[in-house]
Amino acid sequence: MASPIGVFDSGVGGLSILKALRAELPAEDFVYLADAGFAPYGERGDAFVIDRTRAIVQQLRDEHGIKALVVACNTATAAAIHLVRVEHPDLPLVGVEPALKPAVALSKTGRIGVMATRVTVGSAKLRALHDSLKDQAEFVLQPCDGLADAIQNHDDAQIGALCAQYTRAIGPFGMQPGQIDTLVLGCTHYAFAWDELQALVGPDVRLIETGEPVARQTRRLLEAAGQLRQGAMPGRVTLLTTGEQAALEAAALRWLSL
Ligand code: DGL
């Protein structure tokens, strides 16, 4: 097997990024690691997320010889990507962060909702991004405790209840002045609650996630490093987890037909 691209998240959320990566880079092999045995990340301290991120990057390098890494987790990106960059300067690295900038470009009312984990909302990285844009739009930043966990556990009743609770806290949504017309999904798990969220905020409100831009950025880095794999043979996906293998495989089948 040629060197794969490593992709990791605390659980199934990063599968939403893997889906976009496979569409953009069909000939590449991927190793996806779901750190479900240590999830959720989003309600723990930075030190915990940093330790887990370091251990996973090392494992993916040592055991799988990855040629690039996509940190498909907003929380791990916010808490740890700066350290990974320093510790692995030779490794092409892509992170995900809540899409505030694209939201500013799309919003007509200038009011934007952002759903993310508590660690991401409290991070210096998101604060800096927010500060750089706050003259251009008004953001409502909502930590969504429990939502990633409910999605991870495929608990539909809890997903519905928490989506309703948090959209109520962020809103009102709509296209009128003073209403929120754009909702940023700042945690990769939330892409799997897309339909529930869209139904709650109404059909005109734009939901934004980050799979496609992350996939395009990964392609650019691989091209620049001369590491892009092309060809007609579809690449392979290896699924690894520190949690239950059957649960990850069921999620990959449900959401990616893998
Ligand atoms: N999927 C992760 C993110 O994008 C976080 C989920 C968790 O809390 O573990 O932030």
# chains A, B, ... in the order shown; residues from 1 in each chain; ligands from 1
>>> select_by_dssp(residues="range 28-197 of chain A", states="strand (DSSP E)", output="VMD selection string")
chain A and resid 30 to 34 68 to 71 93 to 95 111 to 116 138 to 143 182 to 185
>>> write_last_selection(atoms="N, CA and C atoms", output="mmCIF file, in the first residue's frame")
data_model
loop_
_atom_site.group_PDB
_atom_site.id
_atom_site.type_symbol
_atom_site.label_atom_id
_atom_site.label_comp_id
_atom_site.auth_asym_id
_atom_site.auth_seq_id
_atom_site.Cartn_x
_atom_site.Cartn_y
_atom_site.Cartn_z
ATOM 1 N N PHE A 30 -6.668 6.133 2.743
ATOM 2 C CA PHE A 30 -6.863 6.860 3.998
ATOM 3 C C PHE A 30 -6.832 5.896 5.181
ATOM 4 N N VAL A 31 -6.246 6.375 6.285
ATOM 5 C CA VAL A 31 -6.400 5.673 7.566
ATOM 6 C C VAL A 31 -7.168 6.616 8.478
ATOM 7 N N TYR A 32 -8.365 6.192 8.879
ATOM 8 C CA TYR A 32 -9.212 7.033 9.732
ATOM 9 C C TYR A 32 -9.142 6.488 11.153
ATOM 10 N N LEU A 33 -8.787 7.365 12.087
ATOM 11 C CA LEU A 33 -8.747 6.930 13.486
ATOM 12 C C LEU A 33 -9.776 7.709 14.308
ATOM 13 N N ALA A 34 -10.714 6.983 14.896
ATOM 14 C CA ALA A 34 -11.728 7.580 15.772
ATOM 15 C C ALA A 34 -11.324 7.301 17.214
ATOM 16 N N ALA A 68 0.539 12.530 5.179
ATOM 17 C CA ALA A 68 -0.094 13.813 5.510
ATOM 18 C C ALA A 68 -1.136 13.520 6.578
ATOM 19 N N LEU A 69 -1.524 14.566 7.308
ATOM 20 C CA LEU A 69 -2.516 14.371 8.370
ATOM 21 C C LEU A 69 -3.606 15.427 8.273
ATOM 22 N N VAL A 70 -4.855 14.959 8.350
ATOM 23 C CA VAL A 70 -5.986 15.881 8.465
ATOM 24 C C VAL A 70 -6.552 15.725 9.866
ATOM 25 N N VAL A 71 -6.467 16.784 10.652
ATOM 26 C CA VAL A 71 -7.073 16.779 11.988
ATOM 27 C C VAL A 71 -8.539 17.151 11.776
ATOM 28 N N LEU A 93 0.015 19.103 6.979
ATOM 29 C CA LEU A 93 -0.968 19.078 8.058
ATOM 30 C C LEU A 93 -2.119 20.027 7.729
ATOM 31 N N VAL A 94 -3.344 19.521 7.873
ATOM 32 C CA VAL A 94 -4.528 20.360 7.644
ATOM 33 C C VAL A 94 -5.437 20.219 8.866
ATOM 34 N N GLY A 95 -5.920 21.338 9.365
ATOM 35 C CA GLY A 95 -6.869 21.289 10.476
ATOM 36 C C GLY A 95 -8.230 21.793 10.026
ATOM 37 N N ARG A 111 -25.844 38.663 10.868
ATOM 38 C CA ARG A 111 -25.920 37.955 12.164
ATOM 39 C C ARG A 111 -25.719 36.469 11.897
ATOM 40 N N ILE A 112 -24.748 35.896 12.611
ATOM 41 C CA ILE A 112 -24.287 34.538 12.309
ATOM 42 C C ILE A 112 -24.250 33.714 13.596
ATOM 43 N N GLY A 113 -24.809 32.525 13.555
ATOM 44 C CA GLY A 113 -24.742 31.609 14.697
ATOM 45 C C GLY A 113 -23.579 30.645 14.525
ATOM 46 N N VAL A 114 -22.933 30.290 15.622
ATOM 47 C CA VAL A 114 -21.830 29.331 15.570
ATOM 48 C C VAL A 114 -22.049 28.280 16.651
ATOM 49 N N MET A 115 -22.182 27.029 16.246
ATOM 50 C CA MET A 115 -22.302 25.920 17.197
ATOM 51 C C MET A 115 -20.969 25.192 17.243
ATOM 52 N N ALA A 116 -20.446 24.968 18.441
ATOM 53 C CA ALA A 116 -19.160 24.264 18.569
ATOM 54 C C ALA A 116 -19.080 23.668 19.964
ATOM 55 N N GLU A 138 -22.053 40.165 13.311
ATOM 56 C CA GLU A 138 -22.248 39.847 14.723
ATOM 57 C C GLU A 138 -22.392 38.328 14.854
ATOM 58 N N PHE A 139 -21.604 37.749 15.753
ATOM 59 C CA PHE A 139 -21.621 36.287 15.917
ATOM 60 C C PHE A 139 -22.239 35.912 17.254
ATOM 61 N N VAL A 140 -23.063 34.864 17.240
ATOM 62 C CA VAL A 140 -23.557 34.277 18.486
ATOM 63 C C VAL A 140 -22.872 32.916 18.621
ATOM 64 N N LEU A 141 -21.952 32.813 19.587
ATOM 65 C CA LEU A 141 -21.160 31.591 19.762
ATOM 66 C C LEU A 141 -21.813 30.715 20.822
ATOM 67 N N GLN A 142 -22.182 29.512 20.453
ATOM 68 C CA GLN A 142 -22.921 28.648 21.372
ATOM 69 C C GLN A 142 -22.158 27.348 21.646
ATOM 70 N N PRO A 143 -21.680 27.149 22.902
ATOM 71 C CA PRO A 143 -21.135 25.828 23.238
ATOM 72 C C PRO A 143 -22.272 24.811 23.324
ATOM 73 N N THR A 182 -27.371 32.616 8.929
ATOM 74 C CA THR A 182 -26.277 31.698 8.602
ATOM 75 C C THR A 182 -25.846 30.974 9.882
ATOM 76 N N LEU A 183 -25.752 29.659 9.807
ATOM 77 C CA LEU A 183 -25.384 28.879 10.994
ATOM 78 C C LEU A 183 -24.144 28.039 10.677
ATOM 79 N N VAL A 184 -23.074 28.302 11.431
ATOM 80 C CA VAL A 184 -21.810 27.590 11.219
ATOM 81 C C VAL A 184 -21.773 26.350 12.112
ATOM 82 N N LEU A 185 -21.536 25.195 11.500
ATOM 83 C CA LEU A 185 -21.396 23.961 12.273
ATOM 84 C C LEU A 185 -19.908 23.802 12.607
#
>>> residues_around(residues="Asp9 in chain A", least_positions_apart="5", cutoff="12 Å", atoms="only C-alpha atoms", output="count of residues only")
43
>>> residues_around(residues="Tyr190 in chain A", least_positions_apart="6", cutoff="8 Å", atoms="only C-alpha atoms", output="tab-separated table (two decimals) with all heavy atoms, in the first residue's frame")
chain	number	residue	atom	x	y	z
A	13	GLY	N	-17.38	12.04	13.97
A	13	GLY	CA	-17.58	13.34	13.31
A	13	GLY	C	-16.69	13.55	12.10
A	13	GLY	O	-17.13	14.05	11.06
A	147	LEU	N	-23.95	17.41	22.59
A	147	LEU	CA	-24.46	17.13	21.23
A	147	LEU	C	-23.55	16.17	20.46
A	147	LEU	O	-24.04	15.22	19.83
A	147	LEU	CB	-24.67	18.44	20.46
A	147	LEU	CG	-25.27	18.29	19.06
A	147	LEU	CD1	-26.56	17.48	19.06
A	147	LEU	CD2	-25.53	19.67	18.43
A	148	ALA	N	-22.24	16.39	20.53
A	148	ALA	CA	-21.33	15.47	19.82
A	148	ALA	C	-21.49	14.05	20.38
A	148	ALA	O	-21.51	13.07	19.63
A	148	ALA	CB	-19.88	15.93	19.96
A	151	ILE	N	-24.60	12.41	19.05
A	151	ILE	CA	-24.40	11.99	17.65
A	151	ILE	C	-23.50	10.74	17.63
A	151	ILE	O	-23.76	9.79	16.90
A	151	ILE	CB	-23.82	13.15	16.82
A	151	ILE	CG1	-24.89	14.26	16.70
A	151	ILE	CG2	-23.35	12.68	15.45
A	151	ILE	CD1	-24.38	15.59	16.19
>>> atom_distance(atom1="CA of Arg254 in chain A", atom2="CA of Ala157 in chain A")
18.0 Å
>>> residues_around(residues="Arg219 in chain A", least_positions_apart="5", cutoff="9 Å", atoms="only C-alpha atoms", output="list in words")
Leu21, Glu24, Leu25, Val214, Ala224 and Leu228 of chain A
>>> closest_residue(among="A:Pro4, A:Pro98, A:Gly110, A:Gly160", to="ligand 1", atoms="only C-alpha atoms and all ligand atoms")
A:Pro98
>>> residues_around(residues="range 89-92 of chain A", least_positions_apart="4", cutoff="8 Å", atoms="only C-alpha atoms", output="VMD selection string")
chain A and resid 67 to 69 84 to 85 221 to 222 225
>>> write_last_selection(atoms="N, CA and C atoms", output="short mmCIF file (atom, residue, chain, number, x, y, z; two decimals), in the first residue's frame")
data_model
loop_
_atom_site.label_atom_id
_atom_site.label_comp_id
_atom_site.auth_asym_id
_atom_site.auth_seq_id
_atom_site.Cartn_x
_atom_site.Cartn_y
_atom_site.Cartn_z
N LYS A 67 1.54 10.04 5.03
CA LYS A 67 2.29 11.07 4.29
C LYS A 67 1.72 12.47 4.55
N ALA A 68 0.54 12.53 5.18
CA ALA A 68 -0.09 13.81 5.51
C ALA A 68 -1.14 13.52 6.58
N LEU A 69 -1.52 14.57 7.31
CA LEU A 69 -2.52 14.37 8.37
C LEU A 69 -3.61 15.43 8.27
N VAL A 84 1.45 20.29 17.04
CA VAL A 84 1.76 19.26 16.03
C VAL A 84 2.63 19.86 14.93
N ARG A 85 2.30 21.09 14.55
CA ARG A 85 3.09 21.77 13.50
C ARG A 85 4.56 21.90 13.90
N LEU A 221 -1.82 20.94 -0.59
CA LEU A 221 -0.59 20.58 0.14
C LEU A 221 0.10 19.37 -0.48
N LEU A 222 -0.70 18.38 -0.87
CA LEU A 222 -0.10 17.18 -1.48
C LEU A 222 0.56 17.52 -2.81
N ALA A 225 3.79 19.22 -2.23
CA ALA A 225 4.82 18.30 -1.73
C ALA A 225 5.16 17.22 -2.77
#
>>> residues_around(residues="Met233 in chain A", least_positions_apart="2", cutoff="8 Å", atoms="only C-alpha atoms", output="mmCIF file with N, CA and C atoms, in the first residue's frame")
data_model
loop_
_atom_site.group_PDB
_atom_site.id
_atom_site.type_symbol
_atom_site.label_atom_id
_atom_site.label_comp_id
_atom_site.auth_asym_id
_atom_site.auth_seq_id
_atom_site.Cartn_x
_atom_site.Cartn_y
_atom_site.Cartn_z
ATOM 1 N N ALA A 27 -8.157 8.644 -5.504
ATOM 2 C CA ALA A 27 -7.132 7.600 -5.654
ATOM 3 C C ALA A 27 -6.296 7.414 -4.384
ATOM 4 N N GLY A 231 -4.890 8.466 -10.590
ATOM 5 C CA GLY A 231 -5.072 7.191 -11.262
ATOM 6 C C GLY A 231 -6.500 6.733 -11.134
ATOM 7 N N GLY A 235 -8.886 4.501 -4.053
ATOM 8 C CA GLY A 235 -8.061 4.255 -2.868
ATOM 9 C C GLY A 235 -8.825 3.453 -1.823
#
>>> atom_distance(atom1="CA of Val104 in chain A", atom2="CA of Asp195 in chain A")
22.5 Å
>>> closest_residue(among="A:Arg44, A:Lys19, A:Arg229, A:Arg61", to="ligand 1", atoms="only C-alpha atoms and all ligand atoms")
A:Arg44
>>> closest_residue(among="A:Pro213, A:Gly45, A:Pro172, A:Pro203", to="ligand 1", atoms="only C-alpha atoms and all ligand atoms")
A:Gly45
>>> closest_residue(among="A:Val121, A:Thr109, A:Gly6, A:Leu100", to="Lys134 in chain A", atoms="only C-alpha atoms")
A:Leu100
>>> select_by_dssp(residues="range 180-249 of chain A", states="alpha helix (DSSP H)", output="MDAnalysis selection string")
chainID A and resid 194:201 211:224 245:249
>>> closest_residue(among="A:Ile5, A:Ile81, A:Val12, A:Ala199", to="ligand 1", atoms="only C-alpha atoms and all ligand atoms")
A:Val12
>>> closest_residue(among="A:Ala191, A:Ile50, A:Ala169, A:Leu162", to="ligand 1", atoms="only C-alpha atoms and all ligand atoms")
A:Ala191
